[in-house]
Amino acid sequence: MKMKKIKTYLLTLGMLTGLAGCSESFLDVNPMTSVLDNNFYKTVADAEMALIGCYDGFQRTSSNGNMSFYVTSEVLSDNTFGATGNTDGRAYQALDRFDIAQSPSDNNIFNGTWADYYSGIFRCNTLINKLDGIDFGNDAATRNRIEGEARFLRALMYFDLVRLFEKIPLLTEPTTDNVPQADPLQVYKQIAEDLKFAAANIAATAYPKADAATNDGRVTPFAAKAMLARVYLFYTGYYAKDDLGVSKAEVLQGLEDVISSGEYGLVEEYKALWPAASYVPNAADNTLDKSGYAGMGNRETVFAQKFNNTQNYDGMLDGNRWLVMMGMRNTNYAPYGKGWGACTVNPRLVNSFEAADKRRTASVIDLEREGIAGSFDIKDQREYTGYTNKKYTPVALPDGTSDTGGSNDFQISQDQDFIVIRYADVLLMAAELGSANAQVYFDAVRARAGLGSRAVTRENLLEERKLEFAFEGIRYWDLLRQGLSTAAAAIAQTQNVLSGNAADQVVIKAENISKTRGFMQIPNTQITLSKGVLVQNPGWN
Amino acid sequence: MRITQPLKKFCCILLLTIAAQVAHAQSVSGTVVFDDDGEPVPGATVRVRASGVAALTDAAGKFDIKAVTGDVLEVTFVGLKTAEHTVNATTGIVIRMLSEQSVLDEVVVVGYGVQKKKLVTGANLNVSGELVQKQNQVNPLQALQGQAAGVTILSTSGQPGAGMKVNIRGLGTIGNSDPLYVIDGIPGGDISVLNPADIQSIDVLKDAASAAIYGAQAANGVVLVTTRSGGKGRGQVSFDSYVGVQNPIRLAPMLNAQEYRTIMNEQALNSGAALIDFDGMSGLADTDWLAQMFVKNAATQNHSLNISGGSDVSSYAISFNRIDQEGVIGGKAISNYQRYGFRVNTEHKLYKEVLKVGQHLNFNYIRNNGISVGNQYNNTLRGAFITSPLSPVFSDNNKYNSPYNDTSDSPWYNGDGNPYGQMMTNSNNRNDSQRLMADLYGELQPIRNLRIKSVFGINYYAGEYRSFQPLYRFSVYSFNENHTTTGQSMSKGHTLTWTNTASYDFSVGTHHHFDVLLGMESQRYQGTYLLASNWNLLSQFDDFAYAYLDNTTGKAHLDADGNVVETRGIGGGPENLYRRASYFGRVGYNYQEKYMFNATLRADGSSKFARGNRWGYFPSFSAGWVLTNEDFLAGNGISGLDFLKLRLSWGQVGNQSIDDFQFASPINTSTGFSSSDPAAFYVFGTSKTNVPGAYPSRLSNPDVRWETSEQTNLGVDAHFLNSRLELYADYYIKTTKDWLVQAPILATAGAGAPYINGGDVKNTGLELSFLWKDKSGDLGYRVGANGAYNKNEVGNIPTEDGIIHGPTGQLFDNSDEFYRAQNGLPIGYFWGYKTDGIFQNTAEIEAWKSAGKGILQPEVKPGDVRYADVNGDGKIDASDKVNLGVGMPKFVFGFNVGLDYKNFDFSVVANGVAGNKIVQSYRNHANKQANYTTAILQRWTGEGTSDRIPRVTETNVNWQFSDLYLQKGDFLRISNVTLGYDLSKLIKWEYLSQLRLYVQAQNVFTFTRYDGMDPEIGYGTSGWVSGIDLGYYPRPKIYLVGLNVKF
C-alpha cells in the first residue's frame, strides 16, 4: 500500500518534470517589436529601407553634434579663425593653429566624427555586401541604382575621412577586425571606383531635376561625376601623381556630361542661394520675407546633404548641428540667428572682394556696417573680427527669437541643407581641367557675381574659387591641393582680434602646418582601442 | 496567546475533577513565565510527575495544582523546553521556561528549504525581522546596513524611496551587480516595498556553495526573505507606529555674495580681463541657494497593524501598513514617498497533515514624486551649486505668473538661472504603482520525511507615470516658452514562477543522516507599456493637478514654412518575453552532526541566449566539521568553548543580467527608437517629410553566454561561555569571469558593441563578526560588531587596450574620462593626474622646466597647479594619469549595542566604511560664473599662500581631473539611537504584553573628514562606480517617537 503511494507521487513528480522537458522550445522567444538581422535584407523593400539607413548614416556625420568636416574645413582655412566663446576650451584654436599645444589635453577632438563616419560606412558596406542575398527578380536596374547610391555615399564619407586624416583604415565589408591604416592611394582608388560605379549604374532619369520637390538629396550619376572631378583634383594636386586609375579626360568628360545634361544652371542672384542672405525681416508682423531665396533643390544644387527640423533628444537625429556653431555668439539679429560664435571671418578675405562683387554682402555678415555690433555680445566672443559668415548661419525673427521649426530649439532644430557641390563648382572645375569652353564657364560664374571677364588661368581660377565658395568647406582643400608649402604660406599669419573685448592675436605658424602635413589628429581613443595599430599623424602627439 | 472562554471553562472542570481525586495533596500555586523576558506563558501544561495530575496555566500564566512538597512538576509547552520544578513552597512558585531552540538549534532558511544552523556548511548570514523592524527604515535594505558583514549597502540618493546599492562580497562585474532577492521562495521579488514589520527573517547567502542552488541568477549572492506566518495558539495583535521629523545634516558652504564678487574679480584679473563693475549693477542679491532648496522638519510616519494566530490545522498572519516620507528638498509637493501595504499569509493542514496548503499575498500601492537625482544634466540640486549668489530667488517680473526671478536680463549673468524656481516649477511628476507578490503552495508528505512541494507564484506590477512641463523662463538657457507638455504613461507586467521540489530525509544506521532534494523551476516574464504626450493644456486647467491628456489641446498643424508640426507623441508595445527553465538537486550528509557534507548542482536554461549556448551548469561542494563534537575537545577541551565548527566550500554561480536578444543584431527602423537607439530617417525634396530607413544598430554575438562566478570560502563558527559569545569568521576568494560586457570596440566596426563574455575580477576578503550577550541582574546587554575587508582586482579585459573606459562629460561640461576598469586595478578606479602642489613663483616654473618635466597649462603662471609628470617624458598628457583611488570602500563595518533594564531598553547602531575616495565636483568649471564652495577661499593668492588650491582663473586649466577632486570617503555614522520604555507592566490588562513608547534618532552623528553634505554616496554615473558627488541628495537626520503595542 505504502509503496504504491510512493510510486504514485514519484510518477506525479516525474510528470511535472516532464512537462518542462520540452523546455528548449519553451525558451525560444521572438522579439515582438524589433527586427533582427537574420530576417532582414531579404526583399527589395528591405534594400530600399537599408539605403535610407545609409543616407541617414551620412546625415549623422553632421547631425550627431560632433566636430563636423564642414566646420573643420573652415577653421583650417585662411577664411576664418577658430573663435567660439571666450571661456570655451581651446580645441578650435588647436585646429586653427595646427598646434596641439593650444590645448594639450584635447586628444579626442575627432573621436565622435571618426565614429560617425565609420558607422555610415558600415551601413553602406553592410547593404552592398547583402545585395547578392536579396531577391530583385529581373529588376537589375533597381539593384544597380541602390548599389550606386550606397557606393556614392561610401565614397563621399571616405573622401572626407581621407582628406582629414590621410591614413585611415579602408573597409569595404563589415568587420570587427583591428584594421591598420591604408596607403591613401588605396583609399582614393576605392573612392574613384565607387564614384565611377555610381555614375555608370544610376540611370540619368532616376532622379530628374524636374522632380526636385520630391527627390532633392538623391544621388544622381551627375553628382557622382562632379564629385569624381573634385576627388581627382585634390588627389592629383596634393600628391602630384596621376595614378588614380581614372584619366583627366575621363573626369573632364564627366563634367561636360553634367553641363550638357541641361539639368543644372546657375541661379540668377548669387545671394538667392543662401537663406540668411536672401531673407528680409519684416518687423511689422514679425516675419521674414523668404521669397528671395532660391529654395532647396534649386537648379544649381548638384548634391546636397539634407537636414530636417524634427531633431529631438529622444532619438531623432536630423538637424544641422554644425550650423549653430557658426551663428553669432548669443546674438539674435534678424534675419541672423544666434549660435556659438565659431569661425569669425578673417578680414583678409573680406578685403579681397572687389567692390562690385555681389558675393561680398551675400557671403559675409559685417557687424559694424549692418549695425549689429551695438547689440552683439562681444565680451563672450573669442577672436572677434567684426565679420562672420552669412551662408551657413541660423536665422532669427525680428523679435529676436530663433526662426527654426520643429521643437524650435535653436541648438538642434536647424535645418538648412548643406550644398555639397553646386553647378558653379562644376563649371569652374571643367574650366580648370581644360574644357574647350573654359572661358565661357569662367565668365558665367563671374558675370553672376556682377564682374566682367578675366583670363582663364589656374591662378585666376583658384582666386575665383576662394571668393565664389567662401564658407562652403572648399577653400582649405583648394589650398592644400596647390601643395603644402603654398597652403602653409597662405594660411600662416598674425591677426589682431578681440577676445572677451580685450586685445588678442591669432598667430598661425607655417611650420606647424608643414609639420602636420595639413592633416588632423587621429582620435586617441581609437589609437588606444587599437592597441597602437592605428598610428598618430605627425604633429599631433 | 489568548485562551478562549469555552476552553477556560473546560480547564476549570478538569481541575475540579482532578482535585476531587487527590484528596491528600495540598494546593500549590505559581506562575509560568518565559525565561528571557518574564512574560507569562498561558496554556502551558503543568503536570505532577508522581501523580500524573495536570493543570493548564491561565492567561496570566498562573496555575494552581495539588501536590506535596518534594513532588516534581513538569511544565510543557509547544516550542519551549520542558521545565522541571521541585515543589518547596505552596505559593509564589515561579517556573521559567527556556526557548526550545538554542542558537545552535535555530533553523535558518537556505535555498529551497531550511537547515539547522549548526549543520550549515556555507557562508550564510541571518538577520531577524525584529532587528530590521527596529531600525524604522522605509526600505528594509537600509536596515541591514552595518548588520551584515560582507554586504555593502549604500544609498544611491537620500530622496525618499530611492534605491540602495547592494554588493555582496565586492563588485563582481561592471554589469548588473545586484543580488538575487527571493521572497518566500519566489525569486525576483522587490524587497524594497516590503513592510519591515512583515519580515520574519532575512538570510543572505554569501558564498557560491550556498547560492549555487539558484544557479544562473546567483553570481552576486542571494538574499532570502521570509515573511511572518501565524503560529499555533492564541491570536496576537500588534500595532507599531512612529512619527518623526527630518532635517538635513549639514549644507555645503557656498560663497556668499561678497566672497563671490571677490573671487569673480580675482579670476577676471588673473585671466587678463577687466575688473567687474558689480556696484554698477542693479538688482543683485545675496542668495544661499542650498538653504533655499531644503525644507525644515520634513515629516515621516509609519503605521503598521499585524494580526496573527492559528489553530492545529490553520494559521494566519495578516497586516496593513502605511508609510509616508517627505523629502528634505523641496518638501512634500516636490519629493515624497507614500506606500500602503497589505499582507495575508495562511497555511492549512489537510488529511491528517499529509497535505499542507498555504499562500502568501502581498499587495503594495506606492505613490511618489521627486526631483532628478542623476548626472550633471539630470540633477535638480546641482543648480544650487552652480548658480551665483547674486541672483535673487524672487522678483516681480511675473512672466507666466511666476514669482521666481528670471535672469535673462540680469546685469551680471543672463544664463545664471534660478534653481529654486526651476525645481518648484518644473518638478511636476507622479508615479503610481502597484505591486502584487503572491504564491500558492501545496506540500505532500505521503510518508514521513518525504516532502513533495509545488509552489506557483506571481509577481505582478502595474505603474502609471504622469508629468507636466509648464511655461517658464529663468535664464537665456532655461526656458520653455513655446508650449506646455503633458505626458502620461502606463506599464504592467508579470512574472510567473512554478517551482516543484521533492525532498527526503533519511538515516542509515543511527549515525549517517542524509537529506536529498530534487527540483525544477520555470519562470516567464511578460509585460506591456503605453505612453503618450501632447502639447498645451486647456487654459482653465493649466496646472499639474489637471495635467491629463484629455485636457490637452495640441493638434498637428503647419508651421510658417508649411511643414507639419506634430504635437502628440505616442508609443507602446510589449516588452520582450523572458523565459527560464531550471533543474536542481542537493545532497546533504552528516555523521553524528560532526562531519557534514553538501553538494548541489543546478542546470539553467535561459531565453537570453541563443540555442546551443543557453544552458549553464552550476555545481557546488561544501563540508563542515564540528570540532566540539570530537572526543578530544568535548571531553577535555578548552574551557568555555561550547561550539567550534570549520566550514569549507567551493561553488560556481552564474549571472545572466543582460537585456533580451543581445545575441542577435537588431535592425533599427523608424519605430521604437530612443536617444540611445536613434531612428533612421532621411528627408528628400523640399517638403519636410521624413522617409523611414533601417540600419543594424548593434553587432551580433550568437556565442554570448553565462557570466560565471567561482568562489571558495573558509569559515569558522565558535561559541563560548554558554553561547554568550558568538564569533564568526570567513575568508573568501571570489573570481567572476566571462563578464557580460558591452566592451568598447573600434569605431571601424561601425555599430554598437555586442555583449561579449570577457573580463574577470577577483574579490578577496575577510569577514569577522562577534556578538556578546548576557544578563546581569535586571540588566540585559548585547554588543555586536562586524567588519569586512574586500580587495578587488580586475584582469583580462577583452579589449585591445585592456580597459573599459568610463564616459566623458560627467564632472562638468566636456570634462574628461575619469574612471575606468583596467587589468590589475580595482573596478571603477579614479583615473587622473597627480598634483605636486602649486607653482609658487616663476623660478619654480623655470626649475621645473629645466628639469625636463612637463607642464599642462599652455601659459603657466605662478599659482597654477603643478601636475606630476609621472612618466617624466617632458609633457603632461593621458599617459601621466594614474590610479587615484576607488569609490567602493575596502572596509565596511558596523556595530550595535543593546541594553535593557527593567522596562527600559536602549540601543545604538552604527555603520561605516573606510578605504574609499569621494570625487566632489560641485562646480561647473566650464562656466566661469559658476559658484564655488568656501574651500576656494584657501586659494593661492601669492607666494606661500597655498600649496593645494590653485589661483582662480576664468578657464578650467587648473581643474583637469586630478587628486584635487578627491577626498577620503571614510565615515562612521551613528545611524540609530533608540530609548524605549514598556508600560505594559504598569497596566493591569491581562492580554497586554507590550506597550512600548520610544524615541529614536537616526543619522545623528556622522564622523567623517569629507566636507560635502553626506559621505555615504552610492551614486556613480555608471553602475560600476560609486562615490561621485555632483550635488548629492543627502540623507537627513531624523528624530521620531514611536509606539509598539502587542496584545
# chains A, B, ... in the order shown; residues from 1 in each chain; ligands from 1
$ residues_around --residues "B:Ser709" --least-positions-apart "2" --cutoff "10 Å" --atoms "only C-alpha atoms" --output "PyMOL selection string"
chain B and resi 172-173+208+212+216+218-221+618+651-655+706-707+711+734-739+760-762
$ residues_around --residues "A:Leu266" --least-positions-apart "4" --cutoff "10 Å" --atoms "only C-alpha atoms" --output "mmCIF file with C-alpha atoms, in the first residue's frame"
data_model
loop_
_atom_site.group_PDB
_atom_site.id
_atom_site.type_symbol
_atom_site.label_atom_id
_atom_site.label_comp_id
_atom_site.auth_asym_id
_atom_site.auth_seq_id
_atom_site.Cartn_x
_atom_site.Cartn_y
_atom_site.Cartn_z
ATOM 1 C CA TYR A 270 24.065 84.826 -56.011
ATOM 2 C CA LEU A 273 21.494 80.607 -52.790
ATOM 3 C CA ASN A 298 17.248 74.719 -56.892
ATOM 4 C CA ARG A 299 18.813 74.242 -60.304
ATOM 5 C CA GLU A 300 22.291 74.940 -59.016
ATOM 6 C CA THR A 301 22.272 72.127 -56.456
ATOM 7 C CA ARG A 422 26.866 73.092 -56.812
ATOM 8 C CA TYR A 423 26.839 73.839 -60.505
ATOM 9 C CA ALA A 424 29.240 76.799 -60.252
ATOM 10 C CA LEU A 427 31.791 74.963 -64.294
ATOM 11 C CA ALA A 444 29.388 82.792 -66.469
ATOM 12 C CA VAL A 445 30.378 82.447 -62.830
ATOM 13 C CA ARG A 448 26.618 86.324 -61.957
#
$ closest_atom_pairs --of "chain B" --to "chain A" --cutoff "6 Å" --atoms "only C-alpha atoms" --output "JSON lines"
{"residue": "B:Asn576", "atom": "CA", "partner": "A:Pro31", "partner_atom": "CA", "distance": 5.8}
{"residue": "B:Arg579", "atom": "CA", "partner": "A:Leu27", "partner_atom": "CA", "distance": 5.6}
{"residue": "B:Ser607", "atom": "CA", "partner": "A:Leu27", "partner_atom": "CA", "distance": 4.8}
{"residue": "B:Ser665", "atom": "CA", "partner": "A:Asp37", "partner_atom": "CA", "distance": 5.4}
{"residue": "B:Pro666", "atom": "CA", "partner": "A:Leu36", "partner_atom": "CA", "distance": 4.4}
{"residue": "B:Ile667", "atom": "CA", "partner": "A:Val35", "partner_atom": "CA", "distance": 5.3}
{"residue": "B:Phe673", "atom": "CA", "partner": "A:Gly315", "partner_atom": "CA", "distance": 5.8}
{"residue": "B:Ser674", "atom": "CA", "partner": "A:Gly315", "partner_atom": "CA", "distance": 4.4}
{"residue": "B:Ser675", "atom": "CA", "partner": "A:Gly315", "partner_atom": "CA", "distance": 3.9}
{"residue": "B:Pro678", "atom": "CA", "partner": "A:Gly315", "partner_atom": "CA", "distance": 3.9}
{"residue": "B:Ala679", "atom": "CA", "partner": "A:Gly315", "partner_atom": "CA", "distance": 5.7}
{"residue": "B:Ala680", "atom": "CA", "partner": "A:Gly53", "partner_atom": "CA", "distance": 5.4}
{"residue": "B:Phe681", "atom": "CA", "partner": "A:Asp56", "partner_atom": "CA", "distance": 5.8}
{"residue": "B:Tyr682", "atom": "CA", "partner": "A:Asp56", "partner_atom": "CA", "distance": 5.4}
{"residue": "B:Phe684", "atom": "CA", "partner": "A:Asn215", "partner_atom": "CA", "distance": 5.4}
{"residue": "B:Gly685", "atom": "CA", "partner": "A:Thr214", "partner_atom": "CA", "distance": 3.9}
{"residue": "B:Thr686", "atom": "CA", "partner": "A:Ala213", "partner_atom": "CA", "distance": 4.9}
{"residue": "B:Gly693", "atom": "CA", "partner": "A:Met49", "partner_atom": "CA", "distance": 4.2}
{"residue": "B:Ala694", "atom": "CA", "partner": "A:Gly53", "partner_atom": "CA", "distance": 4.7}
{"residue": "B:Tyr695", "atom": "CA", "partner": "A:Gly53", "partner_atom": "CA", "distance": 5.2}
{"residue": "B:Ala747", "atom": "CA", "partner": "A:Ala115", "partner_atom": "CA", "distance": 4.9}
{"residue": "B:Thr748", "atom": "CA", "partner": "A:Tyr118", "partner_atom": "CA", "distance": 5.2}
{"residue": "B:Ala749", "atom": "CA", "partner": "A:Thr176", "partner_atom": "CA", "distance": 4.7}
{"residue": "B:Gly750", "atom": "CA", "partner": "A:Ser119", "partner_atom": "CA", "distance": 3.9}
{"residue": "B:Ala751", "atom": "CA", "partner": "A:Ser119", "partner_atom": "CA", "distance": 5.9}
{"residue": "B:Glu800", "atom": "CA", "partner": "A:Lys531", "partner_atom": "CA", "distance": 5.3}
{"residue": "B:Asp801", "atom": "CA", "partner": "A:Lys531", "partner_atom": "CA", "distance": 5.3}
{"residue": "B:Thr955", "atom": "CA", "partner": "A:Thr87", "partner_atom": "CA", "distance": 5.9}
$ select_by_dssp --residues "stretch 302-388 of chain B" --states "strand (DSSP E or B)" --output "VMD selection string"
chain B and resid 302 to 310 314 to 326 329 336 to 350 355 to 369 373 379
$ residues_around --residues "B:Ile797" --least-positions-apart "5" --cutoff "9 Å" --atoms "only C-alpha atoms" --output "mmCIF file with N, CA and C atoms, in the first residue's frame"
data_model
loop_
_atom_site.group_PDB
_atom_site.id
_atom_site.type_symbol
_atom_site.label_atom_id
_atom_site.label_comp_id
_atom_site.auth_asym_id
_atom_site.auth_seq_id
_atom_site.Cartn_x
_atom_site.Cartn_y
_atom_site.Cartn_z
ATOM 1 N N TRP B 739 32.611 38.077 -17.855
ATOM 2 C CA TRP B 739 31.652 39.169 -17.714
ATOM 3 C C TRP B 739 30.820 39.323 -18.963
ATOM 4 N N ALA B 743 31.856 45.641 -24.340
ATOM 5 C CA ALA B 743 33.177 46.255 -24.321
ATOM 6 C C ALA B 743 33.297 47.196 -25.507
ATOM 7 N N GLY B 758 33.801 38.370 -21.304
ATOM 8 C CA GLY B 758 35.220 38.623 -21.151
ATOM 9 C C GLY B 758 35.465 39.545 -19.995
ATOM 10 N N GLY B 759 36.626 39.457 -19.462
ATOM 11 C CA GLY B 759 36.951 40.272 -18.309
ATOM 12 C C GLY B 759 36.686 39.462 -17.071
ATOM 13 N N ASP B 760 37.539 39.573 -16.120
ATOM 14 C CA ASP B 760 37.232 38.925 -14.861
ATOM 15 C C ASP B 760 37.742 39.780 -13.724
ATOM 16 N N GLY B 802 42.839 46.574 -22.918
ATOM 17 C CA GLY B 802 42.642 46.033 -21.580
ATOM 18 C C GLY B 802 41.929 46.988 -20.632
ATOM 19 N N ILE B 803 41.152 47.889 -21.209
ATOM 20 C CA ILE B 803 40.489 48.907 -20.390
ATOM 21 C C ILE B 803 39.023 49.010 -20.796
ATOM 22 N N ILE B 804 38.169 49.153 -19.816
ATOM 23 C CA ILE B 804 36.812 49.587 -20.126
ATOM 24 C C ILE B 804 36.721 51.025 -19.631
ATOM 25 N N ALA B 821 37.790 50.631 -15.774
ATOM 26 C CA ALA B 821 38.128 49.310 -15.261
ATOM 27 C C ALA B 821 39.304 48.840 -16.094
ATOM 28 N N GLN B 822 40.348 48.400 -15.421
ATOM 29 C CA GLN B 822 41.595 48.100 -16.136
ATOM 30 C C GLN B 822 42.300 46.941 -15.463
ATOM 31 N N ASN B 823 42.961 46.143 -16.270
ATOM 32 C CA ASN B 823 43.678 44.992 -15.742
ATOM 33 C C ASN B 823 44.601 45.384 -14.587
#
$ select_by_dssp --residues "stretch 19-256 of chain A" --states "alpha helix (DSSP H)" --output "number ranges by chain"
A: 19, 23-26, 44-63, 69-76, 91-96, 111-130, 140-165, 184-201, 212-215, 221-238, 248-256
$ write_last_selection --atoms "C-alpha atoms" --output "tab-separated table (two decimals), in the first residue's frame"
chain	number	residue	atom	x	y	z
A	19	LEU	CA	6.28	18.99	-18.59
A	23	SER	CA	11.95	23.39	-22.28
A	24	GLU	CA	14.06	24.06	-25.35
A	25	SER	CA	11.04	25.31	-27.24
A	26	PHE	CA	9.76	26.96	-24.05
A	44	VAL	CA	13.59	44.93	-52.36
A	45	ALA	CA	11.69	46.92	-49.73
A	46	ASP	CA	14.32	45.90	-47.16
A	47	ALA	CA	17.05	47.09	-49.52
A	48	GLU	CA	15.34	50.43	-50.10
A	49	MET	CA	14.98	50.95	-46.35
A	50	ALA	CA	18.58	49.96	-45.75
A	51	LEU	CA	19.59	52.52	-48.39
A	52	ILE	CA	17.73	55.24	-46.48
A	53	GLY	CA	19.69	53.98	-43.48
A	54	CYS	CA	22.87	54.77	-45.45
A	55	TYR	CA	21.66	58.30	-46.22
A	56	ASP	CA	20.82	58.64	-42.51
A	57	GLY	CA	24.34	57.50	-41.64
A	58	PHE	CA	25.72	60.14	-43.99
A	59	GLN	CA	23.45	62.76	-42.41
A	60	ARG	CA	24.56	61.74	-38.95
A	61	THR	CA	28.14	62.73	-39.75
A	62	SER	CA	26.72	66.25	-39.33
A	63	SER	CA	23.67	65.82	-37.10
A	69	PHE	CA	34.01	68.04	-41.52
A	70	TYR	CA	32.49	71.27	-42.74
A	71	VAL	CA	33.34	73.41	-39.68
A	72	THR	CA	36.81	71.87	-39.53
A	73	SER	CA	37.45	72.77	-43.17
A	74	GLU	CA	36.57	76.40	-42.45
A	75	VAL	CA	38.62	76.61	-39.24
A	76	LEU	CA	41.66	75.19	-41.03
A	91	ALA	CA	40.21	72.82	-29.27
A	92	TYR	CA	39.21	75.12	-32.15
A	93	GLN	CA	42.41	77.10	-31.59
A	94	ALA	CA	44.44	73.87	-31.68
A	95	LEU	CA	42.96	73.19	-35.13
A	96	ASP	CA	43.20	76.76	-36.36
A	111	ASN	CA	36.57	60.76	-31.88
A	112	GLY	CA	32.85	61.27	-32.43
A	113	THR	CA	33.46	62.36	-36.01
A	114	TRP	CA	35.57	59.31	-36.72
A	115	ALA	CA	32.88	57.05	-35.25
A	116	ASP	CA	30.06	58.77	-37.15
A	117	TYR	CA	31.86	58.31	-40.46
A	118	TYR	CA	32.68	54.68	-39.86
A	119	SER	CA	29.08	53.98	-38.80
A	120	GLY	CA	27.89	55.46	-42.06
A	121	ILE	CA	30.45	53.43	-43.99
A	122	PHE	CA	29.41	50.30	-42.07
A	123	ARG	CA	25.81	50.75	-43.16
A	124	CYS	CA	26.86	51.12	-46.79
A	125	ASN	CA	29.23	48.15	-46.56
A	126	THR	CA	26.53	46.01	-44.96
A	127	LEU	CA	23.97	46.83	-47.64
A	128	ILE	CA	26.41	46.44	-50.53
A	129	ASN	CA	27.50	43.05	-49.23
A	130	LYS	CA	23.94	41.86	-48.60
A	140	ALA	CA	18.66	44.64	-62.27
A	141	ALA	CA	18.19	48.40	-62.67
A	142	THR	CA	16.90	48.75	-59.12
A	143	ARG	CA	19.73	46.72	-57.76
A	144	ASN	CA	22.26	48.78	-59.67
A	145	ARG	CA	20.70	52.04	-58.57
A	146	ILE	CA	20.68	51.01	-54.92
A	147	GLU	CA	24.27	49.83	-55.10
A	148	GLY	CA	25.24	53.01	-56.94
A	149	GLU	CA	23.69	55.27	-54.31
A	150	ALA	CA	25.25	53.31	-51.45
A	151	ARG	CA	28.66	53.36	-53.11
A	152	PHE	CA	28.44	57.08	-53.77
A	153	LEU	CA	27.68	57.75	-50.12
A	154	ARG	CA	30.53	55.49	-49.07
A	155	ALA	CA	32.88	57.32	-51.43
A	156	LEU	CA	31.81	60.69	-50.06
A	157	MET	CA	32.44	59.60	-46.47
A	158	TYR	CA	35.83	58.09	-47.30
A	159	PHE	CA	36.76	61.27	-49.18
A	160	ASP	CA	36.05	63.39	-46.10
A	161	LEU	CA	37.95	60.97	-43.86
A	162	VAL	CA	40.99	60.59	-46.10
A	163	ARG	CA	41.25	64.36	-46.52
A	164	LEU	CA	41.02	64.95	-42.77
A	165	PHE	CA	43.31	62.16	-41.59
A	184	PRO	CA	46.00	56.81	-49.12
A	185	LEU	CA	46.28	55.77	-52.76
A	186	GLN	CA	44.22	52.65	-51.98
A	187	VAL	CA	41.54	54.79	-50.40
A	188	TYR	CA	41.43	57.24	-53.30
A	189	LYS	CA	41.26	54.37	-55.78
A	190	GLN	CA	38.32	52.90	-53.91
A	191	ILE	CA	36.61	56.30	-53.87
A	192	ALA	CA	37.13	56.74	-57.60
A	193	GLU	CA	35.88	53.24	-58.31
A	194	ASP	CA	32.74	53.77	-56.22
A	195	LEU	CA	32.01	57.09	-57.91
A	196	LYS	CA	32.52	55.60	-61.34
A	197	PHE	CA	30.18	52.77	-60.43
A	198	ALA	CA	27.54	55.23	-59.28
A	199	ALA	CA	27.95	57.32	-62.42
A	200	ALA	CA	27.57	54.29	-64.65
A	201	ASN	CA	24.80	52.45	-62.82
A	212	ALA	CA	13.41	68.11	-57.19
A	213	ALA	CA	10.46	68.79	-54.92
A	214	THR	CA	10.46	65.12	-54.05
A	215	ASN	CA	13.92	63.83	-54.94
A	221	PRO	CA	25.04	59.99	-61.88
A	222	PHE	CA	25.77	63.70	-62.38
A	223	ALA	CA	26.57	64.14	-58.71
A	224	ALA	CA	28.95	61.18	-58.98
A	225	LYS	CA	30.70	62.68	-61.99
A	226	ALA	CA	31.04	66.07	-60.31
A	227	MET	CA	32.43	64.52	-57.12
A	228	LEU	CA	34.88	62.45	-59.14
A	229	ALA	CA	36.33	65.68	-60.51
A	230	ARG	CA	36.75	67.08	-57.01
A	231	VAL	CA	38.46	63.88	-55.89
A	232	TYR	CA	40.69	63.85	-58.95
A	233	LEU	CA	41.75	67.46	-58.50
A	234	PHE	CA	42.56	67.01	-54.86
A	235	TYR	CA	44.45	63.76	-55.22
A	236	THR	CA	46.48	64.75	-58.25
A	237	GLY	CA	47.10	68.15	-56.72
A	238	TYR	CA	48.20	67.21	-53.19
A	248	LYS	CA	41.90	63.58	-66.71
A	249	ALA	CA	39.98	63.38	-69.99
A	250	GLU	CA	37.53	60.93	-68.44
A	251	VAL	CA	36.99	63.25	-65.50
A	252	LEU	CA	36.52	66.28	-67.71
A	253	GLN	CA	34.08	64.35	-69.88
A	254	GLY	CA	32.05	63.62	-66.76
A	255	LEU	CA	31.78	67.34	-66.03
A	256	GLU	CA	30.84	68.11	-69.63
$ closest_residue --among "B:Leu740, B:Leu746, B:Met293, B:Ala532" --to "B:Ser657" --atoms "only C-alpha atoms"
B:Leu740
$ atom_distance --atom1 "atom CA of A:Gly386" --atom2 "atom CA of A:Leu367"
5.3 Å
